[in-house]
$ cat run-v1.cif   # mmCIF, C-alpha atoms
data_target
loop_
_atom_site.label_atom_id
_atom_site.label_comp_id
_atom_site.auth_asym_id
_atom_site.auth_seq_id
_atom_site.Cartn_x
_atom_site.Cartn_y
_atom_site.Cartn_z
CA MET A 1 21.40 -1.09 68.38
CA LYS A 2 24.48 1.03 67.91
CA VAL A 3 25.11 2.08 64.36
CA GLN A 4 28.44 3.32 63.03
CA ALA A 5 28.56 7.07 62.66
CA SER A 6 29.16 7.29 58.93
CA ILE A 7 26.98 5.00 56.85
CA SER A 8 26.92 6.12 53.25
CA LYS A 9 23.66 7.32 51.69
CA ALA A 10 23.98 4.60 49.06
CA THR A 11 24.08 1.91 51.77
CA ILE A 12 21.05 3.37 53.54
CA ASP A 13 19.18 3.46 50.23
CA ARG A 14 19.81 -0.27 49.78
CA LEU A 15 18.49 -1.29 53.23
CA PRO A 16 14.80 -1.26 52.21
CA LEU A 17 15.73 -3.55 49.29
CA TYR A 18 17.39 -5.96 51.73
CA PHE A 19 14.34 -5.80 53.98
CA ARG A 20 11.99 -6.64 51.10
CA ALA A 21 14.19 -9.49 49.83
CA LEU A 22 14.42 -10.94 53.35
CA ARG A 23 10.67 -10.67 53.82
CA ASN A 24 10.17 -12.55 50.54
CA ALA A 25 12.73 -15.19 51.60
CA GLN A 26 10.91 -15.57 54.92
CA GLU A 27 7.58 -16.00 53.11
CA GLU A 28 9.20 -18.71 50.96
CA GLY A 29 10.22 -20.51 54.15
CA LEU A 30 14.00 -20.02 53.77
CA ASP A 31 16.00 -20.16 57.02
CA ILE A 32 19.33 -19.15 55.56
CA ILE A 33 20.23 -17.06 52.53
CA SER A 34 23.69 -16.48 51.06
CA SER A 35 24.99 -13.12 49.88
CA ASP A 36 25.22 -14.72 46.40
CA GLU A 37 21.51 -15.50 46.40
CA LEU A 38 20.57 -12.09 47.82
CA GLY A 39 22.78 -10.53 45.17
CA ARG A 40 21.11 -12.47 42.37
CA ARG A 41 17.67 -11.40 43.56
CA LEU A 42 18.60 -7.74 43.90
CA SER A 43 21.13 -7.27 41.07
CA ILE A 44 23.71 -6.14 43.62
CA THR A 45 27.13 -7.80 43.88
CA PRO A 46 27.61 -10.20 46.84
CA GLU A 47 30.69 -8.18 47.83
CA GLN A 48 28.58 -5.02 48.10
CA ILE A 49 25.96 -6.82 50.19
CA ARG A 50 28.55 -8.19 52.61
CA LYS A 51 30.15 -4.75 52.88
CA ASP A 52 26.79 -3.02 53.50
CA LEU A 53 25.66 -5.46 56.17
CA THR A 54 29.03 -5.38 57.93
CA SER A 55 28.49 -1.64 58.55
CA PHE A 56 25.65 -2.59 60.88
CA GLY A 57 27.30 -5.47 62.71
CA GLN A 58 27.81 -9.18 62.08
CA PHE A 59 24.63 -10.95 61.04
CA GLY A 60 26.06 -13.81 58.96
CA LYS A 61 28.06 -16.98 59.37
CA LYS A 62 30.98 -17.39 57.00
CA GLY A 63 30.43 -20.09 54.37
CA VAL A 64 26.81 -20.61 55.46
CA GLY A 65 24.92 -17.40 54.83
CA TYR A 66 22.64 -15.07 56.74
CA TYR A 67 19.93 -16.29 59.11
CA VAL A 68 16.86 -14.83 57.40
CA ASN A 69 14.67 -14.12 60.45
CA GLU A 70 17.45 -12.63 62.53
CA LEU A 71 18.80 -10.46 59.71
CA LYS A 72 15.31 -9.24 58.76
CA LYS A 73 14.64 -8.30 62.37
CA ASN A 74 17.91 -6.41 62.58
CA VAL A 75 17.40 -4.56 59.29
CA SER A 76 13.85 -3.67 60.38
CA ASN A 77 15.26 -2.36 63.63
CA ILE A 78 17.93 -0.29 61.86
CA LEU A 79 15.28 1.15 59.54
CA GLY A 80 13.19 2.10 62.55
CA LEU A 81 10.20 0.11 61.32
CA ASP A 82 9.26 -0.84 64.88
CA ASN A 83 8.57 2.79 65.75
CA HIS A 84 5.19 4.50 65.42
CA TRP A 85 4.56 7.82 63.76
CA ASN A 86 1.33 9.68 63.21
CA MET A 87 1.09 10.79 59.61
CA ALA A 88 -0.93 13.28 57.53
CA ILE A 89 -1.37 13.48 53.77
CA VAL A 90 -1.83 16.95 52.30
CA GLY A 91 -3.48 16.93 48.87
CA VAL A 92 -6.15 14.30 48.28
CA GLY A 93 -6.01 13.97 44.49
CA HIS A 94 -5.42 10.62 42.78
CA LEU A 95 -1.94 10.22 44.21
CA GLY A 96 -2.90 11.26 47.75
CA ALA A 97 -5.82 8.83 47.68
CA ALA A 98 -3.60 6.03 46.34
CA LEU A 99 -1.15 6.60 49.23
CA ALA A 100 -3.94 6.79 51.80
CA ASN A 101 -5.04 3.34 50.63
CA TYR A 102 -1.52 1.86 50.66
CA GLN A 103 -1.77 -1.22 52.82
CA ASN A 104 1.81 -1.35 54.07
CA LEU A 105 1.66 1.97 55.92
CA GLY A 106 0.63 0.30 59.15
CA MET A 107 3.22 -2.46 58.83
CA LEU A 108 5.88 0.21 58.55
CA GLY A 109 4.68 1.94 61.69
CA PHE A 110 3.05 4.89 59.90
CA GLN A 111 -0.43 5.62 61.16
CA LEU A 112 -2.57 7.78 58.86
CA VAL A 113 -4.47 10.13 61.18
CA ALA A 114 -5.33 13.10 58.94
CA LEU A 115 -6.01 14.10 55.34
CA PHE A 116 -6.13 17.67 54.07
CA ASP A 117 -7.32 19.32 50.89
CA ARG A 118 -8.51 22.76 49.87
CA LYS A 119 -11.28 21.80 47.44
CA PRO A 120 -14.72 22.23 49.06
CA GLU A 121 -16.04 19.13 47.23
CA VAL A 122 -13.26 16.98 48.72
CA ILE A 123 -13.38 18.31 52.31
CA GLY A 124 -15.62 16.12 54.45
CA THR A 125 -15.29 13.00 52.26
CA THR A 126 -13.44 9.99 53.69
CA VAL A 127 -10.63 7.89 52.27
CA ASN A 128 -9.65 4.67 54.02
CA HIS A 129 -11.80 5.68 57.03
CA VAL A 130 -10.07 9.04 57.48
CA GLN A 131 -12.02 12.24 56.91
CA VAL A 132 -10.58 14.96 54.68
CA GLU A 133 -10.14 18.26 56.58
CA ASP A 134 -9.82 21.80 55.28
CA MET A 135 -6.19 22.72 54.50
CA GLU A 136 -6.66 25.85 56.63
CA ARG A 137 -6.76 23.62 59.71
CA VAL A 138 -3.31 22.04 59.12
CA SER A 139 -1.53 23.81 61.99
CA GLU A 140 -4.27 23.15 64.52
CA ILE A 141 -4.79 19.46 63.65
CA VAL A 142 -1.09 18.56 63.26
CA HIS A 143 -0.54 19.92 66.74
CA GLU A 144 -3.63 18.28 68.28
CA ARG A 145 -3.04 14.83 66.76
CA ASN A 146 0.71 14.79 67.40
CA ILE A 147 1.50 14.32 63.71
CA LYS A 148 5.22 13.85 62.99
CA ILE A 149 5.17 12.83 59.31
CA GLY A 150 3.67 14.94 56.53
CA VAL A 151 3.14 13.62 53.01
CA ILE A 152 2.94 16.31 50.34
CA THR A 153 0.90 15.52 47.22
CA VAL A 154 -0.13 19.03 46.23
CA PRO A 155 0.94 20.79 42.98
CA ALA A 156 4.56 22.01 42.97
CA ALA A 157 3.59 25.67 43.36
CA PHE A 158 2.02 25.05 46.80
CA ALA A 159 4.51 22.50 48.13
CA GLN A 160 6.87 24.82 50.01
CA ASP A 161 4.01 26.64 51.74
CA VAL A 162 2.50 23.32 52.84
CA ALA A 163 5.91 22.13 54.12
CA ASP A 164 6.39 25.36 56.09
CA ARG A 165 3.00 25.02 57.75
CA LEU A 166 3.52 21.36 58.61
CA ILE A 167 6.97 22.00 60.07
CA SER A 168 5.95 24.97 62.18
CA ALA A 169 3.15 22.82 63.63
CA GLY A 170 5.62 20.10 64.69
CA VAL A 171 6.19 17.75 61.73
CA LYS A 172 9.70 16.25 61.68
CA GLY A 173 9.61 14.20 58.49
CA ILE A 174 8.39 15.18 55.03
CA TRP A 175 7.66 12.70 52.26
CA ASN A 176 7.43 14.91 49.21
CA PHE A 177 5.82 13.89 45.91
CA ALA A 178 5.65 17.40 44.45
CA PRO A 179 8.27 18.01 41.74
CA ALA A 180 9.59 21.07 43.59
CA LYS A 181 12.92 21.99 45.18
CA MET A 182 12.16 22.25 48.90
CA CYS A 183 13.89 24.02 51.79
CA VAL A 184 13.55 22.52 55.25
CA PRO A 185 15.40 23.18 58.52
CA ASP A 186 18.31 20.88 59.49
CA ASP A 187 16.27 19.05 62.13
CA VAL A 188 13.61 17.96 59.62
CA CYS A 189 14.05 14.92 57.34
CA ILE A 190 12.84 15.10 53.78
CA VAL A 191 12.56 12.29 51.24
CA ASN A 192 11.71 13.40 47.72
CA GLU A 193 9.94 10.92 45.47
CA ASP A 194 10.07 11.28 41.77
CA ILE A 195 8.50 8.86 39.34
CA PHE A 196 10.66 10.45 36.68
CA THR A 197 13.55 8.27 37.88
CA GLY A 198 11.81 4.95 37.24
CA LEU A 199 10.59 6.02 33.86
CA SER A 200 13.98 7.21 32.68
CA THR A 201 15.65 4.03 33.97
CA LEU A 202 13.20 2.07 31.83
CA SER A 203 13.95 4.33 28.88
CA TYR A 204 17.70 3.73 29.33
CA HIS A 205 17.30 -0.03 29.29
CA MET A 206 14.95 0.01 26.30
CA VAL A 207 17.57 1.88 24.29
CA HIS A 208 20.66 -0.01 25.44
CA MET A 209 19.49 -3.61 25.57
CA MET B 11 26.73 7.74 21.07
CA LYS B 12 28.84 4.73 21.93
CA VAL B 13 28.56 3.69 25.55
CA GLN B 14 31.06 1.46 27.34
CA ALA B 15 29.83 -2.10 27.64
CA SER B 16 29.76 -2.44 31.42
CA ILE B 17 28.17 0.50 33.20
CA SER B 18 27.19 -0.43 36.75
CA LYS B 19 23.52 -0.48 37.73
CA ALA B 20 24.29 2.08 40.45
CA THR B 21 25.68 4.51 37.88
CA ILE B 22 22.65 4.04 35.61
CA ASP B 23 20.36 4.67 38.58
CA ARG B 24 22.07 8.00 39.23
CA LEU B 25 21.72 9.28 35.65
CA PRO B 26 18.10 10.48 36.09
CA LEU B 27 19.28 12.44 39.14
CA TYR B 28 21.98 14.11 37.06
CA PHE B 29 19.44 14.89 34.36
CA ARG B 30 17.06 16.54 36.86
CA ALA B 31 19.83 18.54 38.51
CA LEU B 32 21.08 19.73 35.12
CA ARG B 33 17.58 20.70 34.05
CA ASN B 34 17.20 22.72 37.24
CA ALA B 35 20.60 24.35 36.68
CA GLN B 36 19.57 25.20 33.14
CA GLU B 37 16.32 26.75 34.40
CA GLU B 38 18.37 28.85 36.84
CA GLY B 39 20.40 30.14 33.89
CA LEU B 40 23.70 28.47 34.84
CA ASP B 41 26.11 27.87 31.95
CA ILE B 42 28.66 25.86 33.89
CA ILE B 43 28.36 23.66 36.97
CA SER B 44 31.16 22.03 38.97
CA SER B 45 31.12 18.46 40.25
CA ASP B 46 31.30 20.00 43.76
CA GLU B 47 28.09 21.94 43.21
CA LEU B 48 26.32 18.99 41.56
CA GLY B 49 27.47 16.85 44.49
CA ARG B 50 26.11 19.31 47.02
CA ARG B 51 22.73 19.41 45.29
CA LEU B 52 22.46 15.63 45.02
CA SER B 53 24.25 14.45 48.20
CA ILE B 54 26.68 12.47 46.05
CA THR B 55 30.45 12.93 46.36
CA PRO B 56 32.12 14.96 43.58
CA GLU B 57 34.50 12.01 43.04
CA GLN B 58 31.55 9.70 42.36
CA ILE B 59 30.02 12.19 39.94
CA ARG B 60 33.26 12.58 37.99
CA LYS B 61 33.66 8.80 37.87
CA ASP B 62 30.07 8.24 36.70
CA LEU B 63 30.23 10.84 33.97
CA THR B 64 33.61 9.63 32.74
CA SER B 65 31.98 6.25 31.96
CA PHE B 66 30.01 8.02 29.25
CA GLY B 67 32.78 10.14 27.78
CA GLN B 68 34.36 13.50 28.55
CA PHE B 69 31.80 16.23 29.12
CA GLY B 70 33.72 18.53 31.47
CA LYS B 71 36.69 20.87 31.47
CA LYS B 72 39.18 20.36 34.27
CA GLY B 73 39.12 23.15 36.86
CA VAL B 74 36.09 24.80 35.23
CA GLY B 75 33.18 22.38 35.47
CA TYR B 76 30.62 20.89 33.15
CA TYR B 77 28.86 22.84 30.41
CA VAL B 78 25.24 22.53 31.60
CA ASN B 79 23.45 22.47 28.24
CA GLU B 80 25.89 20.11 26.59
CA LEU B 81 25.99 17.68 29.52
CA LYS B 82 22.20 17.71 29.88
CA LYS B 83 21.82 16.94 26.18
CA ASN B 84 24.29 14.08 26.44
CA VAL B 85 22.70 12.59 29.57
CA SER B 86 19.28 12.87 27.93
CA ASN B 87 20.66 11.08 24.89
CA ILE B 88 22.20 8.30 27.01
CA LEU B 89 18.91 7.88 28.86
CA GLY B 90 17.11 7.55 25.54
CA LEU B 91 14.78 10.45 26.35
CA ASP B 92 14.76 11.53 22.71
CA ASN B 93 13.06 8.30 21.66
CA HIS B 94 9.30 7.79 21.41
CA TRP B 95 7.40 4.88 22.87
CA ASN B 96 3.69 4.17 22.85
CA MET B 97 2.56 3.30 26.35
CA ALA B 98 -0.46 1.66 28.00
CA ILE B 99 -1.53 1.70 31.67
CA VAL B 100 -3.30 -1.39 32.94
CA GLY B 101 -5.36 -0.76 36.09
CA VAL B 102 -7.11 2.61 36.33
CA GLY B 103 -7.45 2.98 40.10
CA HIS B 104 -6.10 6.02 41.94
CA LEU B 105 -2.48 5.23 41.09
CA GLY B 106 -3.19 4.45 37.42
CA ALA B 107 -5.14 7.69 37.09
CA ALA B 108 -2.36 9.67 38.83
CA LEU B 109 0.20 8.27 36.36
CA ALA B 110 -2.08 8.91 33.37
CA ASN B 111 -2.17 12.56 34.43
CA TYR B 112 1.60 12.84 34.99
CA GLN B 113 2.70 15.77 32.87
CA ASN B 114 6.27 14.71 32.23
CA LEU B 115 5.34 11.56 30.32
CA GLY B 116 5.42 13.39 27.01
CA MET B 117 8.69 15.19 27.78
CA LEU B 118 10.28 11.80 28.41
CA GLY B 119 9.07 10.48 25.07
CA PHE B 120 6.33 8.25 26.53
CA GLN B 121 3.03 8.65 24.71
CA LEU B 122 -0.01 7.35 26.59
CA VAL B 123 -2.18 5.68 23.95
CA ALA B 124 -4.29 3.18 25.94
CA LEU B 125 -5.80 2.56 29.38
CA PHE B 126 -7.26 -0.76 30.52
CA ASP B 127 -9.39 -1.86 33.44
CA ARG B 128 -11.77 -4.71 34.16
CA LYS B 129 -14.43 -2.84 36.16
CA PRO B 130 -17.54 -2.17 34.00
CA GLU B 131 -18.06 1.21 35.69
CA VAL B 132 -14.54 2.33 34.70
CA ILE B 133 -14.50 1.00 31.11
CA GLY B 134 -15.57 3.74 28.70
CA THR B 135 -14.61 6.65 30.97
CA THR B 136 -11.69 8.87 29.93
CA VAL B 137 -8.61 10.00 31.84
CA ASN B 138 -6.38 12.69 30.34
CA HIS B 139 -8.26 12.33 27.01
CA VAL B 140 -7.63 8.57 26.75
CA GLN B 141 -10.58 6.20 26.92
CA VAL B 142 -10.45 3.22 29.28
CA GLU B 143 -10.80 -0.10 27.40
CA ASP B 144 -11.84 -3.52 28.66
CA MET B 145 -8.87 -5.51 29.97
CA GLU B 146 -9.96 -8.39 27.71
CA ARG B 147 -8.87 -6.31 24.72
CA VAL B 148 -5.23 -5.91 25.87
CA SER B 149 -3.69 -8.26 23.28
CA GLU B 150 -5.65 -6.81 20.38
CA ILE B 151 -5.08 -3.13 21.23
CA VAL B 152 -1.41 -3.45 22.21
CA HIS B 153 -0.77 -5.01 18.83
CA GLU B 154 -2.92 -2.50 16.88
CA ARG B 155 -1.50 0.61 18.54
CA ASN B 156 2.12 -0.57 18.49
CA ILE B 157 2.44 -0.27 22.28
CA LYS B 158 5.95 -1.01 23.57
CA ILE B 159 5.67 0.06 27.23
CA GLY B 160 3.16 -1.38 29.70
CA VAL B 161 2.53 0.16 33.11
CA ILE B 162 1.06 -2.27 35.65
CA THR B 163 -1.07 -0.77 38.44
CA VAL B 164 -3.32 -3.75 39.18
CA PRO B 165 -3.38 -5.66 42.49
CA ALA B 166 -0.39 -7.98 43.03
CA ALA B 167 -2.41 -11.16 42.40
CA PHE B 168 -3.15 -10.14 38.80
CA ALA B 169 0.20 -8.56 37.93
CA GLN B 170 1.95 -11.57 36.37
CA ASP B 171 -1.04 -12.42 34.19
CA VAL B 172 -1.19 -8.82 32.94
CA ALA B 173 2.56 -8.83 32.25
CA ASP B 174 2.30 -12.09 30.29
CA ARG B 175 -0.51 -10.73 28.13
CA LEU B 176 1.29 -7.44 27.47
CA ILE B 177 4.52 -9.20 26.54
CA SER B 178 2.94 -11.74 24.23
CA ALA B 179 1.25 -8.83 22.42
CA GLY B 180 4.59 -7.10 21.82
CA VAL B 181 5.42 -4.97 24.89
CA LYS B 182 9.18 -4.67 25.50
CA GLY B 183 9.25 -2.62 28.71
CA ILE B 184 7.24 -3.08 31.90
CA TRP B 185 6.94 -0.40 34.59
CA ASN B 186 5.54 -2.34 37.49
CA PHE B 187 3.85 -0.76 40.53
CA ALA B 188 2.34 -3.99 41.88
CA PRO B 189 4.17 -5.34 44.94
CA ALA B 190 4.70 -8.71 43.22
CA LYS B 191 7.75 -10.68 42.15
CA MET B 192 7.55 -10.79 38.36
CA CYS B 193 9.05 -13.09 35.75
CA VAL B 194 9.75 -11.65 32.32
CA PRO B 195 11.78 -12.96 29.35
CA ASP B 196 15.37 -11.76 28.93
CA ASP B 197 14.49 -9.45 26.04
CA VAL B 198 11.96 -7.49 28.12
CA CYS B 199 12.99 -4.70 30.52
CA ILE B 200 11.25 -4.38 33.83
CA VAL B 201 11.48 -1.56 36.36
CA ASN B 202 9.78 -2.24 39.69
CA GLU B 203 8.57 0.73 41.70
CA ASP B 204 7.97 0.44 45.37
CA ILE B 205 6.88 3.32 47.57
CA PHE B 206 7.98 1.19 50.49
CA THR B 207 11.56 2.29 49.80
CA GLY B 208 10.90 5.99 50.26
CA LEU B 209 8.91 5.47 53.39
CA SER B 210 11.50 3.28 55.04
CA THR B 211 14.28 5.71 54.10
CA LEU B 212 12.28 8.41 55.89
CA SER B 213 11.81 6.11 58.86
CA TYR B 214 15.57 5.46 59.01
CA HIS B 215 16.40 9.15 59.09
CA MET B 216 13.72 9.93 61.68
CA VAL B 217 15.26 7.37 64.03
CA HIS B 218 18.93 8.13 63.42
CA MET B 219 19.03 11.90 63.20
#

$ encode --input "run-v1.cif" --output "structure tokens"
Amino acid sequence: MKVQASISKATIDRLPLYFRALRNAQEEGLDIISSDELGRRLSITPEQIRKDLTSFGQFGKKGVGYYVNELKKNVSNILGLDNHWNMAIVGVGHLGAALANYQNLGMLGFQLVALFDRKPEVIGTTVNHVQVEDMERVSEIVHERNIKIGVITVPAAFAQDVADRLISAGVKGIWNFAPAKMCVPDDVCIVNEDIFTGLSTLSYHMVHM
Amino acid sequence: MKVQASISKATIDRLPLYFRALRNAQEEGLDIISSDELGRRLSITPEQIRKDLTSFGQFGKKGVGYYVNELKKNVSNILGLDNHWNMAIVGVGHLGAALANYQNLGMLGFQLVALFDRKPEVIGTTVNHVQVEDMERVSEIVHERNIKIGVITVPAAFAQDVADRLISAGVKGIWNFAPAKMCVPDDVCIVNEDIFTGLSTLSYHMVHM
């Protein structure tokens, strides 16, 4: 599918929300959903939804709504969810283990093929059928197993070093959970997660409601 | 501080990003930061930043920039980060334990005062100095310890039941990590977290870069 050159970051950030809402609608057995109904479910204005989805082509029928299956398939396609990527998690603490057990990884096309840690008592254990390897072997194993996505769940002080090693071994996408400012080359994608955001949004609403 | 009645959800969602960027700027020793520089750091247009911050009053000086300390203090105040809330986590698996150990909870004014689980082998253990209680005691303990925030990290099938119990015991804010569609009364805030979003954003960029 051809996508317009300049889609705003805000629009891209909303696509996963559309995908989730469409998957829920599909599970409820809906064939058609209006932008009004999508808007109600997502707290986004119907105008914004129509504008966002127009950026990617015409998926709706005026006055009727969007065909749920078709739109979901198209959004999935735009998000690249039908691709397959080998993935490694570096740092097998509580968060790393929680991610390794996350059931939707496969559905999203992310295949967990390696886990790394530096603690001797963690190396050699298995999480979700994957054995934890010594951090020292990152370069070798990333290369061998054709790993393209690296998930960083180490303390902030080690995050940049881990990213550098992953990238020089061939990783093209970093999903970073360390609260650290990271530098990566232009040809590498990075998505920074920060649970701070959710917590402060909750705080805002508690104070202002 | 008086806040305009209708701030858009999108603006509110960006406030934690501004807070983080300002905290980083403060740590770097910057006194003043321009909307251009903030925009560069956050991948948000300077126009959007000026518009967002204008909703909350005038914090900048035209042609100079924003005073970092003052703006950070104001954003913190708007986000309600100077309040204090007693918080409980329900579900002490890997994710619950990771959140219980999250160091910024205190800085954000969230005080972890209770943990709950239903597994006998988990009840009675401690995480980050807080003892895990039997899930059956949720109502009693939430009431006793004046808990206003409940964090839900149980499997999706149990999430609504946990939310109902927390709310009827007095919780006013739910931070939900279960991939479940939740119903809460109008006077209760809910923030749903979904790691799916980050992963699919990464997927999008891998495909389209």

$ resolve_selection --input "run-v1.cif" --expression "the PyMOL selection byres ((chain B) within 6 of (chain A))" --output "VMD selection string"
chain B and resid 26 89 to 90 104 to 105 108 207 213 to 214 217

$ resolve_selection --input "run-v1.cif" --expression "the PyMOL selection byres ((chain A and resi 117) around 12)" --output "PyMOL selection string"
chain A and resi 88-93+96-97+114-116+118-127+131-138+152-155+158+162

$ residues_around --input "run-v1.cif" --residues "Leu32 (chain B)" --least-positions-apart "6" --cutoff "9 Å" --atoms "only C-alpha atoms" --output "VMD selection string"
chain B and resid 43 48 78 to 79 81 to 82

$ atom_distance --input "run-v1.cif" --atom1 "CA of Arg145 (chain A)" --atom2 "CA of Ala178 (chain A)"
24.1 Å

$ residues_near_point --input "run-v1.cif" --point "(0.1, -13.0, 24.0)" --cutoff "10 Å" --atoms "all atoms listed in the file" --output "MDAnalysis selection string"
chainID B and resid 148:150 152:153 172:181

$ resolve_selection --input "run-v1.cif" --expression "the PyMOL selection byres ((chain A and resi 60) around 12)" --output "PyMOL selection string"
chain A and resi 32-35+49-51+53-54+56-59+61-72+74

$ atom_distance --input "run-v1.cif" --atom1 "CA of Ala156 (chain A)" --atom2 "CA of Thr21 (chain B)"
27.9 Å

$ atom_distance --input "run-v1.cif" --atom1 "CA of Asp41 (chain B)" --atom2 "CA of Asp62 (chain B)"
20.6 Å

$ build_atoms --input "run-v1.cif" --residues "region 148-155 of chain A" --atoms "all heavy atoms" --output "PDB file, keeping the file's coordinate frame"
ATOM      1  N   LYS A 148       3.775  13.649  63.175  1.00  0.00           N
ATOM      2  CA  LYS A 148       5.220  13.850  62.990  1.00  0.00           C
ATOM      3  C   LYS A 148       5.673  13.694  61.552  1.00  0.00           C
ATOM      4  O   LYS A 148       6.778  14.084  61.185  1.00  0.00           O
ATOM      5  CB  LYS A 148       5.999  12.865  63.885  1.00  0.00           C
ATOM      6  CG  LYS A 148       5.843  13.111  65.381  1.00  0.00           C
ATOM      7  CD  LYS A 148       6.423  14.467  65.781  1.00  0.00           C
ATOM      8  CE  LYS A 148       6.042  14.865  67.201  1.00  0.00           C
ATOM      9  NZ  LYS A 148       6.071  16.324  67.403  1.00  0.00           N
ATOM     10  N   ILE A 149       4.828  13.043  60.719  1.00  0.00           N
ATOM     11  CA  ILE A 149       5.170  12.830  59.310  1.00  0.00           C
ATOM     12  C   ILE A 149       4.125  13.505  58.432  1.00  0.00           C
ATOM     13  O   ILE A 149       2.927  13.269  58.607  1.00  0.00           O
ATOM     14  CB  ILE A 149       5.174  11.327  58.951  1.00  0.00           C
ATOM     15  CG1 ILE A 149       6.086  10.526  59.869  1.00  0.00           C
ATOM     16  CG2 ILE A 149       5.501  11.118  57.462  1.00  0.00           C
ATOM     17  CD1 ILE A 149       7.487  10.359  59.395  1.00  0.00           C
ATOM     18  N   GLY A 150       4.582  14.311  57.478  1.00  0.00           N
ATOM     19  CA  GLY A 150       3.670  14.940  56.530  1.00  0.00           C
ATOM     20  C   GLY A 150       4.003  14.487  55.112  1.00  0.00           C
ATOM     21  O   GLY A 150       5.164  14.488  54.709  1.00  0.00           O
ATOM     22  N   VAL A 151       2.969  14.072  54.397  1.00  0.00           N
ATOM     23  CA  VAL A 151       3.140  13.620  53.010  1.00  0.00           C
ATOM     24  C   VAL A 151       2.567  14.707  52.114  1.00  0.00           C
ATOM     25  O   VAL A 151       1.415  15.125  52.307  1.00  0.00           O
ATOM     26  CB  VAL A 151       2.384  12.297  52.782  1.00  0.00           C
ATOM     27  CG1 VAL A 151       2.628  11.780  51.362  1.00  0.00           C
ATOM     28  CG2 VAL A 151       2.793  11.260  53.814  1.00  0.00           C
ATOM     29  N   ILE A 152       3.363  15.191  51.183  1.00  0.00           N
ATOM     30  CA  ILE A 152       2.940  16.310  50.340  1.00  0.00           C
ATOM     31  C   ILE A 152       2.629  15.828  48.932  1.00  0.00           C
ATOM     32  O   ILE A 152       3.510  15.376  48.211  1.00  0.00           O
ATOM     33  CB  ILE A 152       4.014  17.420  50.324  1.00  0.00           C
ATOM     34  CG1 ILE A 152       4.232  17.939  51.749  1.00  0.00           C
ATOM     35  CG2 ILE A 152       3.617  18.551  49.369  1.00  0.00           C
ATOM     36  CD1 ILE A 152       5.246  19.055  51.866  1.00  0.00           C
ATOM     37  N   THR A 153       1.338  15.923  48.561  1.00  0.00           N
ATOM     38  CA  THR A 153       0.900  15.520  47.220  1.00  0.00           C
ATOM     39  C   THR A 153       0.066  16.631  46.608  1.00  0.00           C
ATOM     40  O   THR A 153      -0.961  16.380  45.986  1.00  0.00           O
ATOM     41  CB  THR A 153       0.089  14.199  47.278  1.00  0.00           C
ATOM     42  OG1 THR A 153      -0.912  14.314  48.304  1.00  0.00           O
ATOM     43  CG2 THR A 153       0.955  13.013  47.615  1.00  0.00           C
ATOM     44  N   VAL A 154       0.527  17.862  46.824  1.00  0.00           N
ATOM     45  CA  VAL A 154      -0.130  19.030  46.230  1.00  0.00           C
ATOM     46  C   VAL A 154       0.681  19.445  44.990  1.00  0.00           C
ATOM     47  O   VAL A 154       1.813  18.992  44.821  1.00  0.00           O
ATOM     48  CB  VAL A 154      -0.187  20.213  47.232  1.00  0.00           C
ATOM     49  CG1 VAL A 154      -1.022  19.845  48.454  1.00  0.00           C
ATOM     50  CG2 VAL A 154       1.194  20.678  47.652  1.00  0.00           C
ATOM     51  N   PRO A 155       0.140  20.307  44.115  1.00  0.00           N
ATOM     52  CA  PRO A 155       0.940  20.790  42.980  1.00  0.00           C
ATOM     53  C   PRO A 155       2.210  21.510  43.460  1.00  0.00           C
ATOM     54  O   PRO A 155       2.234  22.080  44.561  1.00  0.00           O
ATOM     55  CB  PRO A 155      -0.015  21.768  42.281  1.00  0.00           C
ATOM     56  CG  PRO A 155      -1.387  21.296  42.661  1.00  0.00           C
ATOM     57  CD  PRO A 155      -1.246  20.788  44.065  1.00  0.00           C
TER      58      PRO A 155
END
